[in-house]
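Undergrad: Let me give you the structure first, and then I'll get to my questions.
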Amino acid sequence: MMPAVQISASEASVKVTLPTFKVNLNGHVVENQYREYPLLVYRGITYFPMTWNDTRMLGLETTWSQTAGLHIKQSQVTSAYASYKSGSRNASSYSAKISASAITVNGKAINNSKEQYPLLNFRNITYFPLTWRFAYEEFGWDYKWNAVSGLSITSHNPQLQSTGLPAFAADNDVALFKGYYYFTQTTGSTNQVYRAPIQQPSAKEEIYSYSFGGPDSEWHPTNVSFMIRDNALWFTYHLGGGVMGSDQFVKVGDNGKAELLHEGYLDFRATSHGTLIVQLGAWGFEGGNLYLSSAGEKKKVGDPGLMYAVTLSGTQWSLGGGNASYMAVNGDHVYVLASRDESDANKIYEINLKTNKTKKIVDANVGWFQVIDQKLYYVKDKDKSLYSSDIDGKNEVKLSEHAVTWFESIDGNLFYTTKKSSTQYDLYKVNSNGDDTLAWGASIAGVQVVNNQLVCLLGGNNGVALLDGSGRLLLKVSEPIGRVFTSDNGLLFQKSNDSSLAIIR
């Protein structure tokens with residue numbers, strides 16, 4: 001809610017009434033009779049409450065201070081509808097006060113003493129008259145009124161919508177892909193994976209199921225994770241324990257049918273020669289753990305003396321995993337982070353899939369890397385900085401001014417984060433002149449790429465900010481968000497205040 005605007009003793013009292021007609025805000029029916037901040041009527045004009053949620057749902061941002069007063073501006077912002085439901089029924093009329101506080105709308109000062117329909121204060125909230133000047137010219141809203149349907153106000157900013165999925169969907173991962181929601185229901189020791197059309201989420205159909213249980217259930221066999229790989233939807237889950245168990249990799253076809261394609265501790269990439277598989281189990285430390293699978297046949301590729309996707313940090317060896325990138329495919333060549341021994345660890349190698357020739361192309365110790373637009377991008381262990389080179393490892397250039405914890409390229413622009421504290425990061429954009437600029441003016445809790453957009457998690461109850469490939473703000477969602485899910489169309493997320501699932505498209 002917006003901070004209360006202080007009311008001076010000089011403010012005059014006026015009589016206001018509750019609307020006797022229906023009110024609709026962006027499709028939400030307003031229950032004025034039991035609303036803490038109802039719409040009001042004064043001199044035949046409807047007045048709108050400038051609460052935190054109401055303004056942001058309608059594309060406005062408000063700030064207030066004791067010295068500067070109230071500032072209101074049209075902005076790329078949205079929020080969920082809040083009913084502000086009260087336990088007491090409102091009276092038909094009340095006394096409100098004409099505001100004497102400083103007020104600015106889109107940078108223009110309002111002289112409230114000269115307004116035909118002055119701004120009012122009611123229950124410590126500022127109310128604006130829905131005149132043509134404010135509603136249409138300043139705020140950009142469409143509003144209609146007739147005796148049958150009442151008053152309807154519509155803004156043009158993106159809106160939060162409920163997914164309509166059952167409550168149990170929020171207990172696991174969720175995805176939106178090619179017009180369908182994908183979600184999981186756990187019943188006893190069985191998981192059922194469903195899909196449902198976005199236009200009719202109640203019409204779910206089962207596409208896959210599996211059973212689990214036993215003494216190794218502490219390995220969370222109920223957890224399902226969706227991802228988009230090579231323009232196809234996949235999901236993974238785990239069966240069994242840590243040593244004898246395995247990850248399961250399931251691909252969802254265009255017809256919605258799901259097929260289990262890989263089992264084990266592994267990662268894989270599609271190539272024109274078959275599926276490249278790196279084994280990440282304990283045998284990965286033995287070396288020669290890179291395979292090419294094609295037409296039911298499986299053969300080792302690369303140097304058998306190398307441990308692929310096995311890295312060394314200090315004296316601790318570890319297997320690749322998580323969100324870090326250790327392997328990339330570019331035509332007939334594969335690029336892999338690999339180690340031979342303690343004196344030759346964490347190097348980038350190139351493997352020719354036609355000849356099986358293996359060549360070290362980056363001799364520095366590397367944490368992780370990506371291949372982007374025929375170039376290598378990698379973070380070195382020694383300084384945690386971001387570097388780039390030609391695809392063969394030559395002509396290396398240092399790119400970042402700060403230590404890097406994450407990086408990604410969107411529309412030809414490179415972004416990275418640097419750690420500020422245990423829960424805060426700064427997001428930078430790499431510029432061609434060598435000066436890195438903050439892509440977001442304040443520290444963030446995290447960032448991920450969804451639909452070629454940067455989704456910046458602002459932390460706490462501050463919601464998220466969506467940036468395009470140039471770093472320009474597309475939308476700020478002023479809603480506490482717990483999780484952002486896999487989606488190929490819009491922003492699919494779980495609200496942290498009530499655990500419900502919502503989407504912005």
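If you're wondering about the labels, chains in the structure tokens are A, B, ... by order shown, residues count from 1 in each chain, ligands from 1 in order shown.
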Out of region 150-243 of chain A, which residues get strand (DSSP E or B) from DSSP, as a ChimeraX atom specification?

TA: /A:150-154,161-162,175-177,180-187,190-197,205-211,225-229,232-239

Undergrad: Would you pick out the contacts of region 288-304 of chain A at 8 Å or less, using only C-alpha atoms, so that residues sharing its chain but fewer than 4 positions from it are not included, and give the list as a ChimeraX atom specification?

TA: /A:273-280,283-284,308,351,353,356-358

Undergrad: Which is closest to Leu130 (chain A) among A:Gln74, A:Thr46, A:Ser225, A:Ser432, if we use only C-alpha atoms?

TA: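 Smallest separation from Leu130 (chain A) among the options: A:Thr46.
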
Undergrad: Rounded to one decimal, what separation in Å do you get between CA of Leu70 (chain A) and CA of Pro129 (chain A)?

TA: 15.4 Å

Undergrad: Give me the residues near region 436-442 of chain A as a ChimeraX atom specification, where near means some atom within 9 Å (using only C-alpha atoms) and where sequence neighbours in that chain fewer than 3 positions away do not count.

TA: /A:399-402,415,425-433,456,458,465,467,470-473
